[in-house]
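Data from run_32.cif: mmCIF, N, CA and C atoms
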```
data_upload
loop_
_atom_site.label_atom_id
_atom_site.label_comp_id
_atom_site.auth_asym_id
_atom_site.auth_seq_id
_atom_site.Cartn_x
_atom_site.Cartn_y
_atom_site.Cartn_z
N MET A 1 78.95 68.73 157.80
CA MET A 1 79.44 67.39 158.05
C MET A 1 78.24 66.51 158.41
N THR A 2 78.15 65.37 157.76
CA THR A 2 77.07 64.44 158.02
C THR A 2 77.54 63.41 159.02
N MET A 3 76.78 63.24 160.07
CA MET A 3 77.11 62.23 161.08
C MET A 3 76.32 60.96 160.77
N LEU A 4 77.01 59.87 160.60
CA LEU A 4 76.36 58.60 160.35
C LEU A 4 76.11 57.89 161.67
N PRO A 5 75.01 57.15 161.76
CA PRO A 5 74.78 56.39 162.99
C PRO A 5 75.85 55.32 163.13
N PRO A 6 76.17 54.94 164.36
CA PRO A 6 77.20 53.92 164.55
C PRO A 6 76.77 52.59 163.92
N ALA A 7 77.74 51.92 163.35
CA ALA A 7 77.49 50.61 162.75
C ALA A 7 77.14 49.61 163.84
N HIS A 8 76.38 48.63 163.48
CA HIS A 8 76.01 47.61 164.45
C HIS A 8 76.02 46.24 163.79
N LEU A 9 76.17 45.25 164.61
CA LEU A 9 76.09 43.86 164.17
C LEU A 9 75.39 43.10 165.28
N ARG A 10 74.28 42.51 164.95
CA ARG A 10 73.56 41.70 165.93
C ARG A 10 73.85 40.24 165.65
N LEU A 11 74.22 39.52 166.69
CA LEU A 11 74.53 38.09 166.59
C LEU A 11 73.47 37.31 167.35
N THR A 12 72.90 36.32 166.70
CA THR A 12 71.94 35.43 167.34
C THR A 12 72.48 34.02 167.23
N THR A 13 72.63 33.37 168.37
CA THR A 13 73.21 32.03 168.39
C THR A 13 72.15 30.98 168.66
N VAL A 14 72.16 29.95 167.84
CA VAL A 14 71.29 28.79 168.02
C VAL A 14 72.22 27.59 168.02
N ASP A 15 72.11 26.76 169.07
CA ASP A 15 73.03 25.63 169.11
C ASP A 15 72.32 24.33 169.43
N THR A 16 72.95 23.26 168.96
CA THR A 16 72.51 21.90 169.27
C THR A 16 73.71 21.19 169.88
N GLU A 17 73.62 19.91 170.02
CA GLU A 17 74.69 19.16 170.67
C GLU A 17 76.04 19.33 170.00
N ASP A 18 76.08 19.26 168.65
CA ASP A 18 77.37 19.32 167.96
C ASP A 18 77.47 20.42 166.91
N THR A 19 76.47 21.29 166.84
CA THR A 19 76.43 22.34 165.83
C THR A 19 76.04 23.67 166.48
N VAL A 20 76.68 24.74 166.04
CA VAL A 20 76.29 26.08 166.46
C VAL A 20 76.05 26.90 165.20
N ARG A 21 74.95 27.64 165.23
CA ARG A 21 74.62 28.55 164.13
C ARG A 21 74.59 29.95 164.70
N ILE A 22 75.38 30.85 164.11
CA ILE A 22 75.38 32.25 164.50
C ILE A 22 74.82 33.05 163.33
N GLU A 23 73.70 33.71 163.58
CA GLU A 23 73.08 34.54 162.54
C GLU A 23 73.64 35.95 162.65
N LEU A 24 74.11 36.47 161.52
CA LEU A 24 74.71 37.80 161.47
C LEU A 24 73.72 38.77 160.84
N ASP A 25 73.46 39.86 161.53
CA ASP A 25 72.53 40.86 161.02
C ASP A 25 73.15 42.24 161.22
N GLY A 26 73.53 42.88 160.13
CA GLY A 26 74.15 44.20 160.20
C GLY A 26 75.44 44.22 159.41
N ASP A 27 76.31 45.16 159.77
CA ASP A 27 77.58 45.34 159.06
C ASP A 27 78.71 44.63 159.78
N LEU A 28 79.56 43.98 159.02
CA LEU A 28 80.76 43.34 159.56
C LEU A 28 81.93 44.22 159.13
N ASP A 29 82.32 45.13 160.03
CA ASP A 29 83.32 46.12 159.67
C ASP A 29 84.26 46.40 160.83
N TYR A 30 85.05 47.44 160.69
CA TYR A 30 86.05 47.79 161.69
C TYR A 30 85.45 47.92 163.09
N ASP A 31 84.26 48.49 163.17
CA ASP A 31 83.63 48.72 164.47
C ASP A 31 82.99 47.48 165.08
N THR A 32 82.65 46.48 164.28
CA THR A 32 81.86 45.36 164.78
C THR A 32 82.53 43.99 164.66
N ALA A 33 83.57 43.88 163.87
CA ALA A 33 84.16 42.57 163.58
C ALA A 33 84.67 41.87 164.83
N ASP A 34 85.21 42.62 165.79
CA ASP A 34 85.72 41.99 167.01
C ASP A 34 84.63 41.26 167.79
N SER A 35 83.40 41.75 167.72
CA SER A 35 82.32 41.07 168.46
C SER A 35 82.06 39.68 167.88
N LEU A 36 82.15 39.53 166.56
CA LEU A 36 81.98 38.21 165.96
C LEU A 36 83.14 37.30 166.33
N LEU A 37 84.35 37.80 166.25
CA LEU A 37 85.51 36.99 166.60
C LEU A 37 85.45 36.55 168.06
N THR A 38 85.04 37.44 168.94
CA THR A 38 84.91 37.11 170.37
C THR A 38 83.86 36.02 170.57
N ALA A 39 82.72 36.15 169.88
CA ALA A 39 81.65 35.15 170.02
C ALA A 39 82.10 33.78 169.52
N VAL A 40 82.78 33.74 168.38
CA VAL A 40 83.24 32.47 167.83
C VAL A 40 84.31 31.85 168.71
N THR A 41 85.24 32.66 169.18
CA THR A 41 86.31 32.16 170.05
C THR A 41 85.72 31.57 171.34
N ALA A 42 84.75 32.26 171.94
CA ALA A 42 84.10 31.76 173.15
C ALA A 42 83.35 30.46 172.88
N THR A 43 82.70 30.39 171.73
CA THR A 43 81.96 29.18 171.37
C THR A 43 82.91 28.00 171.21
N LEU A 44 84.02 28.20 170.53
CA LEU A 44 84.99 27.12 170.33
C LEU A 44 85.58 26.66 171.66
N ALA A 45 85.83 27.60 172.57
CA ALA A 45 86.40 27.24 173.87
C ALA A 45 85.38 26.49 174.74
N ALA A 46 84.12 26.87 174.65
CA ALA A 46 83.09 26.28 175.50
C ALA A 46 82.56 24.96 174.96
N ARG A 47 82.78 24.67 173.69
CA ARG A 47 82.20 23.49 173.04
C ARG A 47 83.29 22.62 172.41
N PRO A 48 84.05 21.87 173.19
CA PRO A 48 85.15 21.08 172.62
C PRO A 48 84.69 19.98 171.68
N ARG A 49 83.43 19.58 171.74
CA ARG A 49 82.93 18.50 170.85
C ARG A 49 82.17 19.05 169.65
N LEU A 50 82.27 20.33 169.43
CA LEU A 50 81.60 20.97 168.31
C LEU A 50 82.16 20.41 167.00
N THR A 51 81.27 20.11 166.04
CA THR A 51 81.71 19.61 164.75
C THR A 51 81.48 20.61 163.62
N ASP A 52 80.43 21.44 163.75
CA ASP A 52 80.09 22.38 162.67
C ASP A 52 79.74 23.74 163.25
N LEU A 53 80.31 24.78 162.63
CA LEU A 53 79.97 26.16 162.96
C LEU A 53 79.38 26.80 161.72
N HIS A 54 78.12 27.19 161.81
CA HIS A 54 77.43 27.84 160.70
C HIS A 54 77.33 29.33 160.97
N LEU A 55 77.87 30.14 160.07
CA LEU A 55 77.66 31.57 160.13
C LEU A 55 76.62 31.88 159.06
N HIS A 56 75.43 32.27 159.51
CA HIS A 56 74.34 32.56 158.59
C HIS A 56 74.46 34.03 158.20
N CYS A 57 74.82 34.29 156.95
CA CYS A 57 75.21 35.62 156.50
C CYS A 57 74.12 36.39 155.75
N ALA A 58 72.92 35.87 155.65
CA ALA A 58 71.88 36.51 154.84
C ALA A 58 71.57 37.93 155.30
N GLY A 59 71.75 38.22 156.58
CA GLY A 59 71.44 39.55 157.09
C GLY A 59 72.61 40.52 157.07
N LEU A 60 73.72 40.11 156.46
CA LEU A 60 74.89 40.99 156.41
C LEU A 60 74.67 42.16 155.47
N GLY A 61 75.12 43.32 155.91
CA GLY A 61 75.15 44.50 155.06
C GLY A 61 76.52 44.60 154.42
N THR A 62 77.27 45.61 154.82
CA THR A 62 78.60 45.78 154.27
C THR A 62 79.62 44.93 155.02
N VAL A 63 80.64 44.52 154.31
CA VAL A 63 81.77 43.80 154.90
C VAL A 63 83.01 44.53 154.40
N ASP A 64 83.79 45.09 155.32
CA ASP A 64 85.00 45.78 154.92
C ASP A 64 86.22 44.88 155.12
N SER A 65 87.41 45.44 154.97
CA SER A 65 88.63 44.63 155.07
C SER A 65 88.80 44.02 156.45
N MET A 66 88.37 44.71 157.49
CA MET A 66 88.46 44.15 158.85
C MET A 66 87.49 42.98 158.98
N GLY A 67 86.30 43.10 158.42
CA GLY A 67 85.35 41.99 158.44
C GLY A 67 85.89 40.78 157.72
N LEU A 68 86.51 40.99 156.55
CA LEU A 68 87.12 39.89 155.82
C LEU A 68 88.25 39.28 156.62
N SER A 69 89.06 40.11 157.25
CA SER A 69 90.17 39.62 158.07
C SER A 69 89.67 38.73 159.20
N VAL A 70 88.56 39.12 159.83
CA VAL A 70 88.01 38.32 160.92
C VAL A 70 87.47 37.00 160.39
N LEU A 71 86.84 37.00 159.23
CA LEU A 71 86.37 35.73 158.65
C LEU A 71 87.55 34.80 158.38
N LEU A 72 88.66 35.34 157.90
CA LEU A 72 89.85 34.53 157.66
C LEU A 72 90.42 33.99 158.98
N MET A 73 90.41 34.82 160.01
CA MET A 73 90.90 34.37 161.31
C MET A 73 89.99 33.29 161.90
N ILE A 74 88.69 33.46 161.72
CA ILE A 74 87.74 32.45 162.19
C ILE A 74 88.02 31.12 161.49
N ARG A 75 88.29 31.17 160.20
CA ARG A 75 88.59 29.94 159.47
C ARG A 75 89.81 29.23 160.08
N ARG A 76 90.86 29.99 160.38
CA ARG A 76 92.05 29.39 160.98
C ARG A 76 91.72 28.78 162.34
N ARG A 77 90.91 29.46 163.13
CA ARG A 77 90.59 28.95 164.47
C ARG A 77 89.72 27.71 164.42
N VAL A 78 88.75 27.66 163.52
CA VAL A 78 87.92 26.46 163.44
C VAL A 78 88.72 25.29 162.89
N ASP A 79 89.62 25.55 161.95
CA ASP A 79 90.48 24.48 161.44
C ASP A 79 91.33 23.91 162.57
N HIS A 80 91.89 24.79 163.39
CA HIS A 80 92.71 24.36 164.52
C HIS A 80 91.89 23.52 165.51
N ALA A 81 90.61 23.86 165.67
CA ALA A 81 89.74 23.15 166.60
C ALA A 81 89.11 21.90 165.97
N GLY A 82 89.34 21.67 164.68
CA GLY A 82 88.76 20.51 164.01
C GLY A 82 87.28 20.66 163.74
N VAL A 83 86.83 21.88 163.53
CA VAL A 83 85.42 22.19 163.30
C VAL A 83 85.26 22.63 161.84
N ARG A 84 84.16 22.21 161.22
CA ARG A 84 83.87 22.63 159.85
C ARG A 84 83.15 23.98 159.88
N LEU A 85 83.61 24.92 159.04
CA LEU A 85 83.00 26.24 158.93
C LEU A 85 82.06 26.26 157.74
N HIS A 86 80.88 26.82 157.95
CA HIS A 86 79.89 26.98 156.88
C HIS A 86 79.49 28.45 156.83
N LEU A 87 79.58 29.06 155.66
CA LEU A 87 79.07 30.42 155.46
C LEU A 87 77.78 30.28 154.68
N ASP A 88 76.68 30.23 155.39
CA ASP A 88 75.38 29.98 154.79
C ASP A 88 74.69 31.28 154.41
N GLY A 89 73.85 31.22 153.40
CA GLY A 89 73.02 32.36 153.01
C GLY A 89 73.84 33.58 152.63
N ARG A 90 74.94 33.38 151.94
CA ARG A 90 75.81 34.50 151.59
C ARG A 90 75.11 35.43 150.61
N PRO A 91 75.04 36.73 150.94
CA PRO A 91 74.48 37.67 149.96
C PRO A 91 75.45 37.86 148.79
N THR A 92 74.93 38.33 147.68
CA THR A 92 75.74 38.50 146.47
C THR A 92 76.95 39.39 146.73
N THR A 93 76.79 40.43 147.55
CA THR A 93 77.91 41.34 147.81
C THR A 93 79.05 40.62 148.54
N LEU A 94 78.72 39.76 149.48
CA LEU A 94 79.75 39.00 150.18
C LEU A 94 80.39 38.00 149.23
N GLU A 95 79.58 37.34 148.44
CA GLU A 95 80.09 36.37 147.47
C GLU A 95 81.08 37.05 146.52
N ARG A 96 80.73 38.25 146.06
CA ARG A 96 81.60 38.99 145.15
C ARG A 96 82.91 39.38 145.84
N LEU A 97 82.83 39.87 147.09
CA LEU A 97 84.03 40.24 147.84
C LEU A 97 84.96 39.03 148.00
N LEU A 98 84.40 37.89 148.37
CA LEU A 98 85.22 36.70 148.56
C LEU A 98 85.84 36.23 147.25
N THR A 99 85.11 36.39 146.15
CA THR A 99 85.62 35.99 144.84
C THR A 99 86.76 36.91 144.40
N ILE A 100 86.54 38.21 144.50
CA ILE A 100 87.54 39.18 144.06
C ILE A 100 88.82 39.08 144.87
N THR A 101 88.69 38.82 146.17
CA THR A 101 89.87 38.75 147.02
C THR A 101 90.55 37.37 146.98
N GLY A 102 89.95 36.42 146.28
CA GLY A 102 90.53 35.09 146.19
C GLY A 102 90.35 34.25 147.44
N SER A 103 89.43 34.63 148.31
CA SER A 103 89.25 33.90 149.57
C SER A 103 88.01 33.01 149.58
N LEU A 104 87.25 32.99 148.50
CA LEU A 104 86.01 32.19 148.47
C LEU A 104 86.29 30.71 148.71
N ASP A 105 87.18 30.13 147.96
CA ASP A 105 87.46 28.69 148.13
C ASP A 105 88.01 28.39 149.52
N TYR A 106 88.89 29.24 150.01
CA TYR A 106 89.48 29.02 151.33
C TYR A 106 88.41 29.03 152.42
N LEU A 107 87.48 29.95 152.33
CA LEU A 107 86.46 30.07 153.37
C LEU A 107 85.30 29.09 153.20
N THR A 108 85.12 28.54 152.02
CA THR A 108 83.94 27.70 151.79
C THR A 108 84.25 26.25 151.47
N THR A 109 85.50 25.86 151.56
CA THR A 109 85.88 24.47 151.31
C THR A 109 86.51 23.92 152.58
N SER A 110 86.10 22.73 152.96
CA SER A 110 86.65 22.12 154.16
C SER A 110 88.11 21.74 153.91
N PRO A 111 88.88 21.50 154.98
CA PRO A 111 90.28 21.09 154.80
C PRO A 111 90.43 19.83 153.96
N THR A 112 89.37 19.02 153.85
CA THR A 112 89.45 17.81 153.04
C THR A 112 89.20 18.09 151.57
N GLY A 113 88.84 19.36 151.25
CA GLY A 113 88.66 19.73 149.86
C GLY A 113 87.24 19.68 149.37
N THR A 114 86.26 19.43 150.23
CA THR A 114 84.88 19.38 149.79
C THR A 114 84.17 20.67 150.16
N ALA A 115 83.28 21.12 149.29
CA ALA A 115 82.53 22.34 149.57
C ALA A 115 81.61 22.07 150.75
N ASN A 116 81.55 23.02 151.69
CA ASN A 116 80.72 22.83 152.87
C ASN A 116 79.83 24.02 153.14
N SER A 117 79.67 24.90 152.19
CA SER A 117 78.85 26.07 152.40
C SER A 117 77.96 26.29 151.20
N SER A 118 76.84 26.93 151.45
CA SER A 118 75.89 27.15 150.38
C SER A 118 75.92 28.60 149.94
N LEU A 119 75.72 28.79 148.65
CA LEU A 119 75.59 30.12 148.11
C LEU A 119 74.29 30.70 148.61
N GLY A 120 74.28 31.95 148.88
CA GLY A 120 73.11 32.59 149.46
C GLY A 120 72.02 32.84 148.45
N THR A 121 71.68 34.09 148.25
CA THR A 121 70.50 34.45 147.49
C THR A 121 70.77 34.69 146.02
N GLY A 122 71.99 35.01 145.64
CA GLY A 122 72.27 35.35 144.26
C GLY A 122 72.91 34.22 143.49
N GLU A 123 73.22 34.54 142.22
CA GLU A 123 73.93 33.58 141.40
C GLU A 123 75.39 33.54 141.79
N ASP A 124 76.07 32.52 141.34
CA ASP A 124 77.50 32.42 141.56
C ASP A 124 78.18 33.46 140.68
N PRO A 125 78.86 34.47 141.27
CA PRO A 125 79.46 35.53 140.46
C PRO A 125 80.55 35.02 139.52
N ARG A 126 81.09 33.83 139.78
CA ARG A 126 82.12 33.29 138.88
C ARG A 126 81.51 32.88 137.56
N THR A 127 80.20 32.59 137.53
CA THR A 127 79.57 32.14 136.30
C THR A 127 78.48 33.09 135.81
N SER A 128 78.14 34.09 136.60
CA SER A 128 77.05 34.99 136.21
C SER A 128 77.50 36.14 135.34
N GLY A 129 78.81 36.32 135.18
CA GLY A 129 79.31 37.44 134.40
C GLY A 129 79.48 38.69 135.23
N GLU A 130 79.14 38.67 136.52
CA GLU A 130 79.24 39.84 137.38
C GLU A 130 80.60 39.97 138.02
N ALA A 131 81.36 38.89 138.11
CA ALA A 131 82.65 38.94 138.79
C ALA A 131 83.63 39.75 137.95
N MET A 132 84.48 40.49 138.64
CA MET A 132 85.47 41.30 137.94
C MET A 132 86.85 40.70 138.19
N THR A 133 87.65 40.66 137.16
CA THR A 133 89.01 40.18 137.28
C THR A 133 89.88 41.32 137.77
N ALA A 134 90.73 41.03 138.75
CA ALA A 134 91.67 42.05 139.22
C ALA A 134 92.67 42.34 138.12
N ARG A 135 92.92 43.62 137.89
CA ARG A 135 93.89 44.00 136.86
C ARG A 135 94.52 45.32 137.24
N PRO A 136 95.62 45.68 136.61
CA PRO A 136 96.28 46.94 136.94
C PRO A 136 95.34 48.12 136.71
N THR A 137 95.45 49.12 137.59
CA THR A 137 94.56 50.27 137.47
C THR A 137 95.31 51.58 137.35
N GLY A 138 96.62 51.54 137.41
CA GLY A 138 97.42 52.77 137.34
C GLY A 138 97.44 53.35 135.95
N PRO A 139 97.92 54.61 135.80
CA PRO A 139 97.94 55.26 134.49
C PRO A 139 98.83 54.55 133.49
N ASP A 140 99.86 53.88 133.97
CA ASP A 140 100.72 53.14 133.04
C ASP A 140 100.42 51.66 133.04
N SER A 141 99.29 51.29 133.65
CA SER A 141 98.81 49.90 133.72
C SER A 141 99.79 48.96 134.40
N THR A 142 100.58 49.49 135.33
CA THR A 142 101.52 48.63 136.05
C THR A 142 101.20 48.54 137.52
N THR A 143 100.30 49.40 138.03
CA THR A 143 100.00 49.36 139.46
C THR A 143 98.52 49.22 139.68
#
```
Can you turn what I pasted into structure tokens?
Amino acid sequence: MTMLPPAHLRLTTVDTEDTVRIELDGDLDYDTADSLLTAVTATLAARPRLTDLHLHCAGLGTVDSMGLSVLLMIRRRVDHAGVRLHLDGRPTTLERLLTITGSLDYLTTSPTGTANSSLGTGEDPRTSGEAMTARPTGPDSTT
């Protein structure tokens, strides 16, 4: 049996008067996602005049379903607080996950309908030919 080291996520916060930037370095998964949600929730509670929350994702490794779930919850919380969410420096793997799950537009477009986040280091998977369309995978092509 191979023992893997515990997953980690390091959060570095840089803030100004009306903007907070949280740099994510490591994996956003079942073991670490709660720490990001806790940090964002505390930031929103402590900064009632906050206008923009930037999650700098360039240092992200893997993102599992729990990590995606927390990103979706963060989006709901910032919308409720009237804060714009930015997912900056998205790695290609995160971009692909958001595209495949149909959550890219929801997480990267402000409630007014304007894009507010920048693509990270790779090409846009919707136009690069790398994105995969969800389709049935069962033996009878129905599931």
- Message: Starting from the PyMOL selection byres ((chain A and resi 67) around 8), expand the selection into actual residues of this file and give them as a list in words.
- Response: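 Applied to this file, the PyMOL selection byres ((chain A and resi 67) around 8) returns Asp27, Leu28, Asp29, Tyr30, Asp31, Thr32, Ala33, Asp34, Thr62, Val63, Asp64, Ser65, Met66, Leu68, Ser69, Val70, Leu71, Leu72 and Met73 of chain A.
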Within 12 Å of A:Glu23, counting only C-alpha atoms, which residues show up once you throw out same-chain ones fewer than 3 positions away? Write them as an mmCIF file with N, CA and C atoms, in the frame of the given file, please.
```cif
data_model
loop_
_atom_site.group_PDB
_atom_site.id
_atom_site.type_symbol
_atom_site.label_atom_id
_atom_site.label_comp_id
_atom_site.auth_asym_id
_atom_site.auth_seq_id
_atom_site.Cartn_x
_atom_site.Cartn_y
_atom_site.Cartn_z
ATOM 1 N N LEU A 9 76.170 45.250 164.610
ATOM 2 C CA LEU A 9 76.090 43.860 164.170
ATOM 3 C C LEU A 9 75.390 43.100 165.280
ATOM 4 N N ARG A 10 74.280 42.510 164.950
ATOM 5 C CA ARG A 10 73.560 41.700 165.930
ATOM 6 C C ARG A 10 73.850 40.240 165.650
ATOM 7 N N LEU A 11 74.220 39.520 166.690
ATOM 8 C CA LEU A 11 74.530 38.090 166.590
ATOM 9 C C LEU A 11 73.470 37.310 167.350
ATOM 10 N N THR A 12 72.900 36.320 166.700
ATOM 11 C CA THR A 12 71.940 35.430 167.340
ATOM 12 C C THR A 12 72.480 34.020 167.230
ATOM 13 N N THR A 13 72.630 33.370 168.370
ATOM 14 C CA THR A 13 73.210 32.030 168.390
ATOM 15 C C THR A 13 72.150 30.980 168.660
ATOM 16 N N VAL A 14 72.160 29.950 167.840
ATOM 17 C CA VAL A 14 71.290 28.790 168.020
ATOM 18 C C VAL A 14 72.220 27.590 168.020
ATOM 19 N N ASP A 15 72.110 26.760 169.070
ATOM 20 C CA ASP A 15 73.030 25.630 169.110
ATOM 21 C C ASP A 15 72.320 24.330 169.430
ATOM 22 N N VAL A 20 76.680 24.740 166.040
ATOM 23 C CA VAL A 20 76.290 26.080 166.460
ATOM 24 C C VAL A 20 76.050 26.900 165.200
ATOM 25 N N GLY A 26 73.530 42.880 160.130
ATOM 26 C CA GLY A 26 74.150 44.200 160.200
ATOM 27 C C GLY A 26 75.440 44.220 159.410
ATOM 28 N N LEU A 36 82.150 39.530 166.560
ATOM 29 C CA LEU A 36 81.980 38.210 165.960
ATOM 30 C C LEU A 36 83.140 37.300 166.330
ATOM 31 N N ALA A 39 82.720 36.150 169.880
ATOM 32 C CA ALA A 39 81.650 35.150 170.020
ATOM 33 C C ALA A 39 82.100 33.780 169.520
ATOM 34 N N VAL A 40 82.780 33.740 168.380
ATOM 35 C CA VAL A 40 83.240 32.470 167.830
ATOM 36 C C VAL A 40 84.310 31.850 168.710
ATOM 37 N N LEU A 53 80.310 24.780 162.630
ATOM 38 C CA LEU A 53 79.970 26.160 162.960
ATOM 39 C C LEU A 53 79.380 26.800 161.720
ATOM 40 N N HIS A 54 78.120 27.190 161.810
ATOM 41 C CA HIS A 54 77.430 27.840 160.700
ATOM 42 C C HIS A 54 77.330 29.330 160.970
ATOM 43 N N LEU A 55 77.870 30.140 160.070
ATOM 44 C CA LEU A 55 77.660 31.570 160.130
ATOM 45 C C LEU A 55 76.620 31.880 159.060
ATOM 46 N N HIS A 56 75.430 32.270 159.510
ATOM 47 C CA HIS A 56 74.340 32.560 158.590
ATOM 48 C C HIS A 56 74.460 34.030 158.200
ATOM 49 N N CYS A 57 74.820 34.290 156.950
ATOM 50 C CA CYS A 57 75.210 35.620 156.500
ATOM 51 C C CYS A 57 74.120 36.390 155.750
ATOM 52 N N ALA A 58 72.920 35.870 155.650
ATOM 53 C CA ALA A 58 71.880 36.510 154.840
ATOM 54 C C ALA A 58 71.570 37.930 155.300
ATOM 55 N N GLY A 59 71.750 38.220 156.580
ATOM 56 C CA GLY A 59 71.440 39.550 157.090
ATOM 57 C C GLY A 59 72.610 40.520 157.070
ATOM 58 N N LEU A 60 73.720 40.110 156.460
ATOM 59 C CA LEU A 60 74.890 40.990 156.410
ATOM 60 C C LEU A 60 74.670 42.160 155.470
ATOM 61 N N HIS A 86 80.880 26.820 157.950
ATOM 62 C CA HIS A 86 79.890 26.980 156.880
ATOM 63 C C HIS A 86 79.490 28.450 156.830
ATOM 64 N N LEU A 87 79.580 29.060 155.660
ATOM 65 C CA LEU A 87 79.070 30.420 155.460
ATOM 66 C C LEU A 87 77.780 30.280 154.680
ATOM 67 N N ASP A 88 76.680 30.230 155.390
ATOM 68 C CA ASP A 88 75.380 29.980 154.790
ATOM 69 C C ASP A 88 74.690 31.280 154.410
ATOM 70 N N GLY A 89 73.850 31.220 153.400
ATOM 71 C CA GLY A 89 73.020 32.360 153.010
ATOM 72 C C GLY A 89 73.840 33.580 152.630
ATOM 73 N N ARG A 90 74.940 33.380 151.940
ATOM 74 C CA ARG A 90 75.810 34.500 151.590
ATOM 75 C C ARG A 90 75.110 35.430 150.610
#
```
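Counting only C-alpha atoms, the residue from A:Leu37, A:Thr16, A:Arg21, A:Pro111 that sits nearest to A:Asp79 is A:Pro111.
Interatomic distance, atom C of A:Asp18 against atom CA of A:Arg49: 7.0 Å.
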- Query: Could you name the residues that touch A:Leu50 at 6 Å or less, counting only N, CA and C atoms, but leaving out those on the same chain fewer than 2 positions away, as an MDAnalysis selection string?
  - Reply: chainID A and resid 18:19 47:48 52 83
- Mind giving me the straight-line distance from atom N of A:Ser35 to atom N of A:Ser110 in Å, one decimal?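 Spanning atom N of A:Ser35 to atom N of A:Ser110 is a straight-line distance of 24.2 Å.
What separates atom N of A:Thr93 from atom CA of A:Leu24 is a distance of 14.3 Å.
Counting only N, CA and C atoms and comparing A:Ile22, A:Leu44, A:Leu85, A:Ile74, the residue that lies closest to A:Thr109 is A:Leu85.
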